[in-house]
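Below is one structure, written out as structure tokens; the observations come after it.
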Amino acid sequence: MRFLVTGGAGFIGSHFCDSALARGHEVAAYDDMSRGSELFIKDALTKEKFCLVRGDIRELSQLTEAFGQTQYDWVVHFAANADVRQGLERPRRDLDYNTTGTWNVLEAARLGGCKKILFSSTGSVYGEPKIFPTPEDAPFPEQTSLYGASKLAGEALISAYAHGYGFTGLVFRFVSILGPRYSHGHIFDFMRQLTQNPERLKVLGDGQQNKSYLHVDDLMNGLWQEIETATPGFQVRNIGHSESLTVRKSIDTIIGRLGLKPALEFSGGERGWIGDSPRILLDTQRLRSNGWAPKRTLEASVTDTVDYLRANPELLARS
């Protein structure tokens with residue numbers, strides 16, 4: 001099969017490219033390289049069945065050109081503005097990348113004859129749910145972040161294209177993903193702080209935020225399970241671990257791995273920032289009923305992430 005992977009030079013996208021190539025598929029990574037890195041795709045660039053297409057999902061004409069050059073079987077849409085914490089400072093970015101960008105991808109795919117899309121959504125669409133673990137059919141509360149709202153709008157567009165144009169739409173609601181090439185999130189922020197000052201660590205919130213995470217290898221296994229058994233129509237899948245970690249427990253794992261004992265400064269409150277959900281734990285029975293289950297513990301996933309960032313300190317220096 002032929003795959004076009006938006007955000008294909010990013011953390012998760014590059015792992016998908018590698019896994020598709022390992023399965024013998026042809027892959028084009030579509031990326032504007034604003035967050036992506038050639039470091040992440042250096043092995044893929046040596047493969048005959050891989051190419052890098054530089055382009056911006058905010059530009060429909062660029063996407064249309066990319067889809068017009070090759071007949072793709074799937075578009076796997078990872079490109080997004082994932083900066084949840086700064087959403088209120090730059091509110092237009094979530095709309096441009098996560099909502100309008102998703103429509104651009106859908107429309108360019110339709111014009112190019114590609115009617116299968118996998119979309120990386122988020123557990124943040126549940127806002128602050130009352131049901132834990134939270135199933136896909138949980139009542140939706142008010143949206144609490146621009147990021148979650150923009151991703152939910154993207155889901156709605158995919159649903160409309162599935163019903164209106166016969167698309168196959170696989171929507172995955174992710175927890176936070178960990179592992180090699182990790183490039184943003186709480187471990188990244190803590191590692192950068194500790195690199196600059198190993199004696200002190202500032203923590204947003206009270207450290208009791210309790211969330212599920214997932215190793216990127218376990219994520220890939222779940223995505224491929226559903227791709228290889230996909231049927232036409234619109235389908236939603238939660239993907240995450242059955243366990244969760246408090247931020248404080250995650251910190252203990254990080255500093256224990258680094259052999260540090262910094263003084264911790266908590267900013268107080270149950271949320272790290274406006275729109276931060278203090279608890280995330282998703283019900284993954286739909287995926288598990290087809291045979292998928294994570295293999296990595298959360299502590300092992302955190303440790304693997306720390307080891308990768310320690311081995312690639314240049315990533316922590318990136319803006």
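Quick note on naming: the chains in the structure tokens go A, B, ... in the order shown, residues restart at 1 in each chain, and ligands are numbered from 1 in order of appearance.
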| query | Residues at most 12 Å from A:Arg92, counting only C-alpha atoms, excluding those fewer than 4 positions away in the same chain, as a ChimeraX atom specification? | reply | /A:58,81,86-88,96-101,146-147,150
| request: Once DSSP has gone over the backbone, tell me which residues of stretch 99-296 of chain A are in strand (DSSP E), as a PyMOL selection string. | output: chain A and resi 116-122+168-174+176-178+200-203+210-211+213-215+233-239+245-246+263-266+279-280
Could you write out the selected residues, including N, CA and C atoms, as a compact mmCIF listing (two decimals), in the first residue's frame?
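File written: result-v3.txt
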```txt
# COMPACT_ATOMS: atom_id res chain seq x y z
N LYS A 116 -9.25 6.88 2.45
CA LYS A 116 -9.01 6.26 3.75
C LYS A 116 -8.11 7.18 4.57
N ILE A 117 -8.56 7.52 5.76
CA ILE A 117 -7.79 8.43 6.61
C ILE A 117 -7.73 7.90 8.04
N LEU A 118 -6.55 7.97 8.61
CA LEU A 118 -6.34 7.73 10.04
C LEU A 118 -6.00 9.07 10.66
N PHE A 119 -6.69 9.41 11.74
CA PHE A 119 -6.56 10.73 12.36
C PHE A 119 -6.15 10.59 13.82
N SER A 120 -5.12 11.34 14.19
CA SER A 120 -4.68 11.36 15.59
C SER A 120 -5.45 12.44 16.34
N SER A 121 -6.46 12.00 17.08
CA SER A 121 -7.20 12.91 17.94
C SER A 121 -6.64 12.80 19.36
N THR A 122 -7.41 13.12 20.35
CA THR A 122 -6.88 13.23 21.71
C THR A 122 -7.93 12.92 22.76
N THR A 168 -13.34 5.99 4.56
CA THR A 168 -13.07 5.19 5.75
C THR A 168 -12.31 6.10 6.71
N GLY A 169 -12.88 6.37 7.86
CA GLY A 169 -12.27 7.28 8.83
C GLY A 169 -11.97 6.58 10.14
N LEU A 170 -10.68 6.39 10.43
CA LEU A 170 -10.26 5.82 11.71
C LEU A 170 -9.76 6.94 12.60
N VAL A 171 -10.47 7.21 13.66
CA VAL A 171 -10.09 8.26 14.60
C VAL A 171 -9.57 7.61 15.88
N PHE A 172 -8.35 7.96 16.26
CA PHE A 172 -7.76 7.47 17.50
C PHE A 172 -7.64 8.62 18.49
N ARG A 173 -8.20 8.43 19.67
CA ARG A 173 -8.06 9.40 20.74
C ARG A 173 -6.91 8.97 21.63
N PHE A 174 -5.80 9.71 21.53
CA PHE A 174 -4.56 9.36 22.20
C PHE A 174 -4.52 9.89 23.63
N SER A 176 -1.14 10.88 26.21
CA SER A 176 0.19 11.38 25.86
C SER A 176 1.10 10.21 25.54
N ILE A 177 1.86 10.35 24.45
CA ILE A 177 2.71 9.26 23.96
C ILE A 177 4.15 9.52 24.38
N LEU A 178 4.84 8.46 24.80
CA LEU A 178 6.22 8.55 25.27
C LEU A 178 7.12 7.64 24.42
N ARG A 200 17.09 22.41 40.97
CA ARG A 200 15.73 22.91 41.22
C ARG A 200 14.82 22.54 40.05
N LEU A 201 13.58 22.18 40.36
CA LEU A 201 12.61 21.83 39.31
C LEU A 201 11.27 22.48 39.63
N LYS A 202 10.80 23.32 38.70
CA LYS A 202 9.51 23.97 38.85
C LYS A 202 8.44 23.10 38.22
N VAL A 203 7.34 22.91 38.96
CA VAL A 203 6.27 22.00 38.53
C VAL A 203 4.97 22.78 38.46
N ASN A 210 -3.20 13.17 37.54
CA ASN A 210 -3.07 11.71 37.39
C ASN A 210 -3.50 11.32 35.98
N LYS A 211 -2.53 10.88 35.16
CA LYS A 211 -2.83 10.66 33.75
C LYS A 211 -2.22 9.37 33.23
N TYR A 213 -0.45 7.28 30.09
CA TYR A 213 0.49 7.52 29.00
C TYR A 213 0.62 6.22 28.21
N LEU A 214 1.37 6.25 27.11
CA LEU A 214 1.55 5.04 26.31
C LEU A 214 2.86 5.14 25.55
N HIS A 215 3.59 4.03 25.49
CA HIS A 215 4.83 4.00 24.72
C HIS A 215 4.50 3.99 23.23
N GLY A 233 -16.47 3.39 6.63
CA GLY A 233 -17.26 4.10 7.61
C GLY A 233 -16.39 4.84 8.62
N PHE A 234 -17.04 5.39 9.62
CA PHE A 234 -16.39 6.23 10.64
C PHE A 234 -16.29 5.44 11.93
N GLN A 235 -15.08 5.34 12.48
CA GLN A 235 -14.87 4.58 13.70
C GLN A 235 -13.94 5.34 14.65
N VAL A 236 -14.23 5.26 15.93
CA VAL A 236 -13.44 5.95 16.95
C VAL A 236 -12.86 4.91 17.90
N ARG A 237 -11.57 5.07 18.21
CA ARG A 237 -10.90 4.17 19.13
C ARG A 237 -10.09 4.98 20.16
N ASN A 238 -10.34 4.72 21.44
CA ASN A 238 -9.41 5.20 22.47
C ASN A 238 -8.16 4.36 22.42
N ILE A 239 -7.01 4.98 22.70
CA ILE A 239 -5.79 4.19 22.83
C ILE A 239 -4.96 4.77 23.97
N LEU A 245 -0.24 7.53 35.98
CA LEU A 245 0.82 8.03 36.86
C LEU A 245 0.47 9.44 37.32
N THR A 246 0.78 9.75 38.57
CA THR A 246 0.72 11.15 38.97
C THR A 246 1.96 11.85 38.42
N ALA A 263 15.34 20.33 44.39
CA ALA A 263 14.26 20.88 45.18
C ALA A 263 13.07 21.10 44.25
N LEU A 264 11.89 20.68 44.67
CA LEU A 264 10.69 20.81 43.83
C LEU A 264 9.89 22.03 44.23
N GLU A 265 9.50 22.82 43.23
CA GLU A 265 8.68 24.01 43.47
C GLU A 265 7.34 23.82 42.76
N PHE A 266 6.27 23.61 43.52
CA PHE A 266 4.95 23.42 42.94
C PHE A 266 4.22 24.76 42.87
N ARG A 279 -7.15 14.68 35.33
CA ARG A 279 -7.16 13.22 35.30
C ARG A 279 -7.54 12.74 33.90
N ILE A 280 -6.74 11.83 33.35
CA ILE A 280 -7.04 11.22 32.05
C ILE A 280 -6.79 9.73 32.16
```
| said: Neighbouring residues of A:Thr284 were defined as those with any atom within 9 Å, considering only C-alpha atoms; residues of the same chain fewer than 3 positions away were excluded. Please report them as a list of chain:residue names. | reply: A:Pro133, A:Thr134, A:Pro135, A:Glu136, A:Arg237, A:Asn238, A:Ile239, A:Gly240, A:His241, A:Ser242, A:Leu287, A:Arg288, A:Ser289, A:Ala293
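For the residues A:Gly256, A:Gly272, A:Pro91, A:Gly207, ranking by smallest atom-to-atom distance to A:Ala149 using only C-alpha atoms places A:Pro91 first.
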Name all residues at most 10 Å from A:Ala108 (count only C-alpha atoms; drop same-chain ones fewer than 3 positions away) and give them as a compact mmCIF listing (two decimals) with C-alpha atoms, in the first residue's frame.
```txt
# COMPACT_ATOMS: atom_id res chain seq x y z
CA ILE A 57 -1.20 21.46 5.85
CA LEU A 60 -4.70 23.38 0.35
CA SER A 61 -2.86 23.95 -2.93
CA GLN A 62 0.29 22.28 -1.60
CA LEU A 63 -1.64 19.27 -0.34
CA THR A 64 -3.59 18.99 -3.59
CA GLU A 65 -0.33 18.93 -5.53
CA ALA A 66 1.06 16.19 -3.29
CA PHE A 67 -2.03 14.00 -3.70
CA GLY A 68 -2.05 14.66 -7.43
CA THR A 102 -7.69 18.64 8.74
CA TRP A 103 -10.29 19.87 6.26
CA ASN A 104 -7.49 20.66 3.80
CA VAL A 105 -6.14 17.12 4.17
CA LEU A 111 -9.67 15.28 -5.02
CA GLY A 112 -6.75 12.87 -5.32
CA GLY A 113 -8.91 9.77 -5.03
CA CYS A 114 -7.73 8.70 -1.55
```
| request: Measure the distance from atom CA of A:Pro180 to atom CA of A:Lys42 in Å and round it to one decimal. | output: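 It comes out at 13.9 Å.
Among the candidate residues A:Arg181, A:His186, A:Arg54, A:Arg296, the one lying nearest to A:Arg85 is A:His186, with distances computed using only C-alpha atoms.
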| task | Taking the chain letters and numbering used in this document, name the residues of stretch 111-215 of chain A that DSSP puts in helix (DSSP H, G or I), as a PyMOL selection string. | result | chain A and resi 111+123-126+146-165+186-196
Need to verify the contact set: A:Leu315, 10 Å, only C-alpha atoms, exclusion of same-chain residues closer than 4 positions in sequence. Can you return it as a short mmCIF file (atom, residue, chain, number, x, y, z; two decimals) with C-alpha atoms, in the first residue's frame?
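This is the output file result.cif:
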```
data_model
loop_
_atom_site.label_atom_id
_atom_site.label_comp_id
_atom_site.auth_asym_id
_atom_site.auth_seq_id
_atom_site.Cartn_x
_atom_site.Cartn_y
_atom_site.Cartn_z
CA SER A 37 13.51 16.62 12.28
CA LEU A 39 17.26 13.12 12.64
CA ARG A 181 12.00 10.98 19.54
CA TYR A 182 9.64 12.45 22.15
CA SER A 183 9.75 16.18 21.48
CA HIS A 184 7.25 17.95 23.74
CA PHE A 188 10.71 17.17 27.84
CA ARG A 192 15.25 20.79 29.84
CA TYR A 308 16.61 8.99 24.67
CA LEU A 309 16.63 12.67 25.60
CA ARG A 310 19.81 12.22 27.63
CA ALA A 311 21.45 10.59 24.59
CA SER A 319 12.78 26.03 20.64
#
```
| task | Considering only C-alpha atoms, state which residue in the set A:Gln208, A:Gln143, A:Thr70, A:Thr229 is at the smallest distance from A:Gly291. | result | A:Thr229
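Taking atom CA of A:Leu258 and atom CA of A:Glu199 as endpoints, the distance between them is 12.1 Å.
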| said: Here is a test: counting only C-alpha atoms, which residue of A:Ser159, A:Thr253, A:Ser212, A:Gln196 is nearest to A:Pro313? | reply: A:Gln196
For A:Leu4, please output as a tab-separated table (two decimals) with C-alpha atoms, in the first residue's frame all residues within 6 Å (counting only C-alpha atoms; exclusion window: fewer than 5 positions along the same chain).
```
chain	number	residue	atom	x	y	z
A	27	VAL	CA	5.60	6.04	2.31
A	28	ALA	CA	5.67	9.78	1.69
A	75	VAL	CA	-3.50	9.35	4.44
```
Distance query A:Glu270 at most 9 Å, only C-alpha atoms, self and fewer than 6 positions along chain excluded, as an mmCIF file with N, CA and C atoms, in the first residue's frame:
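And here's around_14.cif as it stands now:
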```
data_model
loop_
_atom_site.group_PDB
_atom_site.id
_atom_site.type_symbol
_atom_site.label_atom_id
_atom_site.label_comp_id
_atom_site.auth_asym_id
_atom_site.auth_seq_id
_atom_site.Cartn_x
_atom_site.Cartn_y
_atom_site.Cartn_z
ATOM 1 N N GLY A 205 1.158 23.142 38.706
ATOM 2 C CA GLY A 205 0.158 22.397 39.449
ATOM 3 C C GLY A 205 0.724 21.833 40.740
ATOM 4 N N ASP A 206 -0.061 20.965 41.379
ATOM 5 C CA ASP A 206 0.338 20.420 42.682
ATOM 6 C C ASP A 206 1.052 19.066 42.581
ATOM 7 N N GLY A 207 1.249 18.578 41.359
ATOM 8 C CA GLY A 207 1.934 17.307 41.165
ATOM 9 C C GLY A 207 1.035 16.096 41.296
ATOM 10 N N GLN A 208 -0.233 16.312 41.632
ATOM 11 C CA GLN A 208 -1.152 15.185 41.808
ATOM 12 C C GLN A 208 -2.005 14.917 40.570
ATOM 13 N N GLN A 209 -1.786 15.673 39.486
ATOM 14 C CA GLN A 209 -2.471 15.360 38.235
ATOM 15 C C GLN A 209 -2.163 13.912 37.880
ATOM 16 N N ASP A 276 -6.020 22.379 31.381
ATOM 17 C CA ASP A 276 -5.362 21.121 31.702
ATOM 18 C C ASP A 276 -6.333 20.224 32.461
ATOM 19 N N SER A 277 -6.549 19.015 31.949
ATOM 20 C CA SER A 277 -7.427 18.077 32.642
ATOM 21 C C SER A 277 -6.623 17.351 33.716
ATOM 22 N N PRO A 278 -7.041 17.426 34.978
ATOM 23 C CA PRO A 278 -6.230 16.841 36.042
ATOM 24 C C PRO A 278 -6.227 15.316 36.069
#
```
